[in-house]
Amino acid sequence: MLSRVVLSAAATAAPCLRNAAFLGPGVLQATRIFHTGQPRLAPLPPLPEYGGKVRLGLIPEEFFQFLYPKTGVTGPYMLGTGLILYFLSKEIYVITPETFSTISIVGLLVYVIKKYGASIGEFIDNLNEQKIAQLEEVKQASIKQIQDAIELEKAQQALVQKRHYLFDVQRNNIAMALEVTYRERLHKVYKEVKNRLDYHISVQNMMHRKEQEHMINWVEKHVVQSISAQQEKETIAKCIADLQLLAKKAQAQPVM
Amino acid sequence: MNENLFASFITPTLMGLPIIILIIAFPNILFPSPNRLINNRLVSFQQWLIQLVLKQMMTMHNLKGRTWSLMLISLIMFIGSTNLLGLLPHSFTPTTQLSMNLGMAIPLWAGAVITGFRHKTKASLAHFLPQGTPIPLIPMLVIIETISLFIQPMALAVRLTANITAGHLLMHLIGGATLVLTSISTPTAMITFIILVLLTVLEFAVALIQAYVFTLLVSLYLHDNT
């Protein structure tokens, strides 16, 4: 409280310290060590991460530094011991039943803090880190999502560049199909025409053959008709005489 | 000796000024309010603790009962912190005074009961008669249940007062015994001192447990009545 009085007095004397007065009772050490720039209220100035250094959990380090030039390293300890013995011997501090409960309570507290203090501190730091990690994860997920969207967009743009291949292929397919249809129809036309022409040719051949056969039959008929009976006998006799002659000739041959 | 035994329970004054209000308001500055996303260790630890207690205590209530969350959590934090601070040497514990505990218990209990009677009159009246009682016993039982209902705030206050006061007195007495025994026979004094240490451990536990019990019972009365 006295420090606040000092600070308000200092604030009226030096306006640059006015904002510092709002920062609370611990500000005297804080102004010396932490506040190097302009003190500001918004955004909130960062809190000091660790408290000032203390010895024996109670007495700030600055007290030891204050006494060091005059009394050396053991000075403050001698002062403390002397004070305690003085209070005890003069019964300024009376040993009552409360003293023993004090010893037990303070002893218990010191033991528990020394034993479990660091692990509890780590646990709490973990809590805070988990909080930050969660938010960080959300941020990273959002960034990743946007990056993925950008990649997708780029890929699709690249695909659009290559679209003409697709169209070329389709065009080629259609041209081939047209060609095939054209050739099919051409072939059909050719076959039909050939069919008609073959028909005419075969008709002609048939007529030719029929005429030939008819002529041959007519010639044979008339030849057979022209052979009279007399002629037939003469011919047969001549044939028999020829055959007898041939037979004689034939018989003569193997004897030799 | 007689005067000294109860000296820690008188209304504290500093140079003639009663500072009881300051002492009751003191634990408030031990719970800084979180004003950032990531706080320092003390505030983070308290946040985690309060969240744990909240989840444990308020899951059994319905929507109407959960409107009392702030009240109940403040209650348990206040009673717990005042009890724990009272273990420090030469300190005054407000919860040793019956007046203060009555001032906490009666309004809370009355609030719960009156809420129950206002909104669910039939159900609240039905609490006066447990299920399955034989018919001849009904008048007796209603009277007994009424007495049991009206004793609830008294029990709440007196339980807290008696536990904390008894603990402080016992520590004082055993400390006194140790003090006297040191000049008579030191080993006995050592044994007594060990007893004192064990008692201190118990007192730490009791401080927290009493806070819990008080709040739990109020929340139970609330549950019955919402």
# chains A, B, ... in the order shown; residues from 1 in each chain; ligands from 1
>>> closest_atom_pairs(of="chain A", to="chain B", cutoff="8 Å", atoms="only C-alpha atoms", output="CSV")
residue,atom,partner,partner_atom,distance
A:Glu49,CA,B:Asn40,CA,7.5
A:Thr96,CA,B:Gly176,CA,7.0
A:Pro97,CA,B:Gly176,CA,4.2
A:Glu98,CA,B:His172,CA,6.0
A:Thr99,CA,B:Gly175,CA,7.4
A:Phe100,CA,B:Gly175,CA,5.2
A:Ser101,CA,B:Gly175,CA,5.9
A:Thr102,CA,B:Pro89,CA,5.2
A:Ser104,CA,B:Val197,CA,5.4
A:Ile105,CA,B:Thr200,CA,6.4
A:Val106,CA,B:Leu88,CA,7.9
A:Leu108,CA,B:Val197,CA,7.8
A:Gly121,CA,B:Arg41,CA,7.1
A:Ile124,CA,B:Phe45,CA,6.0
A:Asp125,CA,B:Arg41,CA,7.1
A:Leu127,CA,B:Ser44,CA,7.6
A:Asn128,CA,B:Ile38,CA,6.2
A:Lys131,CA,B:Ile38,CA,7.9
A:Ile132,CA,B:Ile38,CA,7.9
>>> write_last_selection(atoms="C-alpha atoms", output="tab-separated table (two decimals), in the first residue's frame")
chain	number	residue	atom	x	y	z
A	49	GLU	CA	6.90	-14.92	-16.57
A	96	THR	CA	3.15	-20.96	23.09
A	97	PRO	CA	1.30	-24.12	22.05
A	98	GLU	CA	0.74	-22.30	18.82
A	99	THR	CA	4.49	-22.44	18.18
A	100	PHE	CA	4.37	-26.18	17.90
A	101	SER	CA	1.40	-26.18	15.60
A	102	THR	CA	3.26	-23.52	13.58
A	104	SER	CA	4.21	-28.73	12.24
A	105	ILE	CA	2.15	-26.78	9.69
A	106	VAL	CA	5.04	-24.87	8.19
A	108	LEU	CA	4.49	-29.91	6.37
A	121	GLY	CA	4.25	-26.69	-12.16
A	124	ILE	CA	0.00	-26.74	-15.18
A	125	ASP	CA	2.36	-25.87	-18.01
A	127	LEU	CA	-2.51	-27.69	-19.38
A	128	ASN	CA	-1.61	-24.42	-21.03
A	131	LYS	CA	-4.79	-25.35	-24.92
A	132	ILE	CA	-2.33	-23.73	-27.30
>>> residues_around(residues="Leu56 in chain A", least_positions_apart="6", cutoff="12 Å", atoms="only C-alpha atoms", output="short mmCIF file (atom, residue, chain, number, x, y, z; two decimals) with all heavy atoms, in the first residue's frame")
data_model
loop_
_atom_site.label_atom_id
_atom_site.label_comp_id
_atom_site.auth_asym_id
_atom_site.auth_seq_id
_atom_site.Cartn_x
_atom_site.Cartn_y
_atom_site.Cartn_z
N PHE A 64 19.95 -9.22 0.02
CA PHE A 64 21.30 -9.75 0.19
C PHE A 64 22.31 -8.91 -0.57
O PHE A 64 23.42 -8.64 -0.08
CB PHE A 64 21.34 -11.20 -0.30
CG PHE A 64 20.57 -12.14 0.57
CD1 PHE A 64 19.21 -12.28 0.44
CD2 PHE A 64 21.23 -12.89 1.53
CE1 PHE A 64 18.50 -13.14 1.25
CE2 PHE A 64 20.53 -13.76 2.34
CZ PHE A 64 19.17 -13.88 2.21
N PRO A 76 23.45 -11.16 6.00
CA PRO A 76 22.02 -11.28 6.24
C PRO A 76 21.66 -12.48 7.13
O PRO A 76 20.74 -12.39 7.94
CB PRO A 76 21.44 -11.47 4.85
CG PRO A 76 22.46 -10.93 3.93
CD PRO A 76 23.76 -11.19 4.57
N TYR A 77 22.42 -13.57 6.99
CA TYR A 77 22.11 -14.74 7.82
C TYR A 77 22.38 -14.45 9.28
O TYR A 77 21.60 -14.82 10.17
CB TYR A 77 22.93 -15.95 7.37
CG TYR A 77 22.61 -16.38 5.96
CD1 TYR A 77 23.52 -16.21 4.93
CD2 TYR A 77 21.40 -16.96 5.66
CE1 TYR A 77 23.22 -16.58 3.65
CE2 TYR A 77 21.08 -17.34 4.38
CZ TYR A 77 22.01 -17.15 3.38
OH TYR A 77 21.71 -17.54 2.11
N GLY A 80 19.61 -12.36 10.56
CA GLY A 80 18.40 -13.13 10.81
C GLY A 80 18.50 -13.93 12.09
O GLY A 80 17.60 -13.91 12.94
N VAL A 110 6.35 -26.86 3.75
CA VAL A 110 7.64 -26.79 3.05
C VAL A 110 7.96 -28.13 2.42
O VAL A 110 8.39 -28.21 1.26
CB VAL A 110 8.75 -26.34 4.02
CG1 VAL A 110 10.11 -26.56 3.41
CG2 VAL A 110 8.58 -24.88 4.36
N LYS A 114 8.38 -28.58 -1.54
CA LYS A 114 9.66 -28.99 -2.11
C LYS A 114 9.53 -30.27 -2.91
O LYS A 114 10.16 -30.46 -3.94
CB LYS A 114 10.68 -29.21 -0.97
CG LYS A 114 11.29 -27.96 -0.46
CD LYS A 114 12.65 -27.74 -1.13
CE LYS A 114 13.37 -26.55 -0.57
NZ LYS A 114 12.88 -25.29 -0.98
#
>>> select_by_dssp(residues="range 20-218 of chain A", states="helix (DSSP H, G or I)", output="JSON, numbers by chain")
{"A": [20, 21, 22, 23, 27, 28, 29, 30, 31, 32, 33, 61, 62, 63, 64, 65, 66, 67, 68, 69, 70, 71, 75, 76, 77, 78, 79, 80, 81, 82, 83, 84, 85, 86, 87, 88, 89, 97, 98, 99, 100, 101, 102, 103, 104, 105, 106, 107, 108, 109, 110, 111, 112, 113, 114, 115, 116, 117, 118, 119, 120, 121, 122, 123, 124, 125, 126, 127, 128, 129, 130, 131, 132, 133, 134, 135, 136, 137, 138, 139, 140, 141, 142, 143, 144, 145, 146, 147, 148, 149, 150, 151, 152, 153, 154, 155, 156, 157, 158, 159, 160, 161, 163, 164, 165, 166, 167, 168, 169, 170, 171, 172, 173, 174, 175, 176, 177, 178, 179, 180, 181, 182, 183, 184, 185, 186, 187, 188, 189, 190, 191, 192, 193, 194, 195, 196, 197, 198, 199, 200, 201, 202, 203, 204, 205, 206, 207, 208, 209, 210, 211, 212, 213, 214, 215, 216, 217, 218]}
>>> residues_around(residues="range 142-152 of chain B", least_positions_apart="4", cutoff="8 Å", atoms="only C-alpha atoms", output="MDAnalysis selection string")
chainID B and resid 109 128:129 138 156
>>> write_last_selection(atoms="N, CA, C and O atoms", output="short mmCIF file (atom, residue, chain, number, x, y, z; two decimals), in the first residue's frame")
data_model
loop_
_atom_site.label_atom_id
_atom_site.label_comp_id
_atom_site.auth_asym_id
_atom_site.auth_seq_id
_atom_site.Cartn_x
_atom_site.Cartn_y
_atom_site.Cartn_z
N TRP B 109 -30.29 -23.01 2.41
CA TRP B 109 -31.28 -24.06 2.62
C TRP B 109 -32.68 -23.54 2.35
O TRP B 109 -33.49 -24.18 1.67
N PHE B 128 -42.25 -35.38 2.73
CA PHE B 128 -42.49 -35.56 4.16
C PHE B 128 -42.89 -36.96 4.53
O PHE B 128 -42.94 -37.31 5.69
N LEU B 129 -43.24 -37.77 3.51
CA LEU B 129 -43.70 -39.12 3.83
C LEU B 129 -42.94 -40.10 2.96
O LEU B 129 -43.19 -40.19 1.77
N ILE B 138 -48.27 -42.97 10.00
CA ILE B 138 -48.14 -41.78 9.16
C ILE B 138 -48.06 -40.48 9.96
O ILE B 138 -47.17 -39.67 9.71
N LEU B 156 -26.17 -28.13 9.10
CA LEU B 156 -25.13 -27.64 8.20
C LEU B 156 -24.18 -26.70 8.93
O LEU B 156 -22.95 -26.87 8.92
#
>>> atom_distance(atom1="CA of Leu102 in chain B", atom2="CA of Thr215 in chain B")
13.9 Å
>>> select_by_dssp(residues="range 9-182 of chain B", states="strand (DSSP E or B)", output="JSON, numbers by chain")
{"B": [13, 14, 17, 18]}
>>> write_last_selection(atoms="all heavy atoms", output="PDB file, in the first residue's frame")
ATOM      1  N   THR B  13      -9.445  -7.803  16.228  1.00  0.00           N
ATOM      2  CA  THR B  13      -9.363  -6.346  16.121  1.00  0.00           C
ATOM      3  C   THR B  13      -7.908  -5.975  15.939  1.00  0.00           C
ATOM      4  O   THR B  13      -7.009  -6.648  16.443  1.00  0.00           O
ATOM      5  CB  THR B  13      -9.884  -5.659  17.384  1.00  0.00           C
ATOM      6  OG1 THR B  13      -9.116  -6.127  18.493  1.00  0.00           O
ATOM      7  CG2 THR B  13     -11.336  -5.957  17.604  1.00  0.00           C
ATOM      8  N   LEU B  14      -7.675  -4.911  15.190  1.00  0.00           N
ATOM      9  CA  LEU B  14      -6.327  -4.392  15.007  1.00  0.00           C
ATOM     10  C   LEU B  14      -6.313  -2.992  15.558  1.00  0.00           C
ATOM     11  O   LEU B  14      -6.887  -2.082  14.984  1.00  0.00           O
ATOM     12  CB  LEU B  14      -5.964  -4.404  13.527  1.00  0.00           C
ATOM     13  CG  LEU B  14      -4.547  -3.959  13.200  1.00  0.00           C
ATOM     14  CD1 LEU B  14      -3.551  -4.965  13.753  1.00  0.00           C
ATOM     15  CD2 LEU B  14      -4.370  -3.823  11.704  1.00  0.00           C
ATOM     16  N   LEU B  17      -9.737  -1.580  15.935  1.00  0.00           N
ATOM     17  CA  LEU B  17     -10.649  -1.559  14.800  1.00  0.00           C
ATOM     18  C   LEU B  17     -11.002  -2.994  14.448  1.00  0.00           C
ATOM     19  O   LEU B  17     -10.114  -3.820  14.288  1.00  0.00           O
ATOM     20  CB  LEU B  17      -9.983  -0.914  13.580  1.00  0.00           C
ATOM     21  CG  LEU B  17      -9.673   0.567  13.685  1.00  0.00           C
ATOM     22  CD1 LEU B  17      -8.766   0.981  12.546  1.00  0.00           C
ATOM     23  CD2 LEU B  17     -10.963   1.362  13.640  1.00  0.00           C
ATOM     24  N   PRO B  18     -12.298  -3.287  14.318  1.00  0.00           N
ATOM     25  CA  PRO B  18     -12.625  -4.662  13.915  1.00  0.00           C
ATOM     26  C   PRO B  18     -12.252  -4.866  12.453  1.00  0.00           C
ATOM     27  O   PRO B  18     -12.701  -4.126  11.575  1.00  0.00           O
ATOM     28  CB  PRO B  18     -14.137  -4.744  14.117  1.00  0.00           C
ATOM     29  CG  PRO B  18     -14.603  -3.343  14.031  1.00  0.00           C
ATOM     30  CD  PRO B  18     -13.494  -2.463  14.497  1.00  0.00           C
TER      31      PRO B  18
END
>>> atom_distance(atom1="CA of Phe117 in chain B", atom2="CA of Arg159 in chain B")
25.7 Å
>>> atom_distance(atom1="CA of Ile79 in chain B", atom2="CA of Ser99 in chain B")
14.4 Å
>>> decode(residues="range 204-221 of chain A", atoms="N, CA, C and O atoms", output="CSV table (one decimal), in the first residue's frame")
chain,number,residue,atom,x,y,z
A,204,GLN,N,-27.4,-65.0,-120.3
A,204,GLN,CA,-26.8,-65.2,-121.7
A,204,GLN,C,-26.2,-66.6,-121.8
A,204,GLN,O,-26.4,-67.3,-122.9
A,205,ASN,N,-25.4,-67.1,-120.9
A,205,ASN,CA,-24.8,-68.4,-121.0
A,205,ASN,C,-25.8,-69.5,-121.1
A,205,ASN,O,-25.7,-70.4,-121.9
A,206,MET,N,-26.9,-69.3,-120.4
A,206,MET,CA,-27.9,-70.4,-120.4
A,206,MET,C,-28.5,-70.4,-121.8
A,206,MET,O,-28.7,-71.5,-122.4
A,207,MET,N,-28.8,-69.2,-122.4
A,207,MET,CA,-29.4,-69.2,-123.7
A,207,MET,C,-28.4,-69.9,-124.7
A,207,MET,O,-28.8,-70.7,-125.5
A,208,HIS,N,-27.1,-69.5,-124.6
A,208,HIS,CA,-26.1,-70.1,-125.5
A,208,HIS,C,-26.1,-71.6,-125.4
A,208,HIS,O,-26.1,-72.3,-126.4
A,209,ARG,N,-26.1,-72.1,-124.2
A,209,ARG,CA,-26.0,-73.6,-124.0
A,209,ARG,C,-27.3,-74.3,-124.6
A,209,ARG,O,-27.2,-75.3,-125.3
A,210,LYS,N,-28.4,-73.6,-124.3
A,210,LYS,CA,-29.7,-74.2,-124.8
A,210,LYS,C,-29.6,-74.2,-126.3
A,210,LYS,O,-30.0,-75.2,-126.9
A,211,GLU,N,-29.1,-73.2,-126.9
A,211,GLU,CA,-29.1,-73.2,-128.4
A,211,GLU,C,-28.2,-74.3,-128.9
A,211,GLU,O,-28.5,-75.0,-129.9
A,212,GLN,N,-27.0,-74.4,-128.2
A,212,GLN,CA,-26.1,-75.5,-128.6
A,212,GLN,C,-26.7,-76.9,-128.5
A,212,GLN,O,-26.7,-77.6,-129.5
A,213,GLU,N,-27.3,-77.1,-127.4
A,213,GLU,CA,-27.9,-78.4,-127.3
A,213,GLU,C,-29.0,-78.7,-128.3
A,213,GLU,O,-29.1,-79.8,-128.9
A,214,HIS,N,-29.8,-77.7,-128.5
A,214,HIS,CA,-30.8,-77.8,-129.5
A,214,HIS,C,-30.3,-78.1,-130.9
A,214,HIS,O,-30.7,-79.0,-131.6
A,215,MET,N,-29.2,-77.4,-131.2
A,215,MET,CA,-28.6,-77.6,-132.5
A,215,MET,C,-28.1,-79.0,-132.6
A,215,MET,O,-28.3,-79.8,-133.6
A,216,ILE,N,-27.4,-79.5,-131.6
A,216,ILE,CA,-26.8,-80.9,-131.6
A,216,ILE,C,-27.9,-81.9,-131.8
A,216,ILE,O,-27.8,-82.8,-132.6
A,217,ASN,N,-28.9,-81.7,-131.0
A,217,ASN,CA,-30.0,-82.7,-131.1
A,217,ASN,C,-30.6,-82.7,-132.5
A,217,ASN,O,-30.9,-83.8,-133.0
A,218,TRP,N,-30.8,-81.5,-133.1
A,218,TRP,CA,-31.4,-81.4,-134.4
A,218,TRP,C,-30.5,-82.2,-135.4
A,218,TRP,O,-31.0,-82.9,-136.2
A,219,VAL,N,-29.1,-81.9,-135.3
A,219,VAL,CA,-28.2,-82.5,-136.2
A,219,VAL,C,-28.2,-84.0,-136.0
A,219,VAL,O,-28.4,-84.8,-137.0
A,220,GLU,N,-28.2,-84.5,-134.8
A,220,GLU,CA,-28.2,-85.9,-134.6
A,220,GLU,C,-29.5,-86.6,-135.1
A,220,GLU,O,-29.5,-87.6,-135.8
A,221,LYS,N,-30.6,-85.9,-134.9
A,221,LYS,CA,-31.9,-86.5,-135.3
A,221,LYS,C,-31.9,-86.6,-136.8
A,221,LYS,O,-32.3,-87.6,-137.4
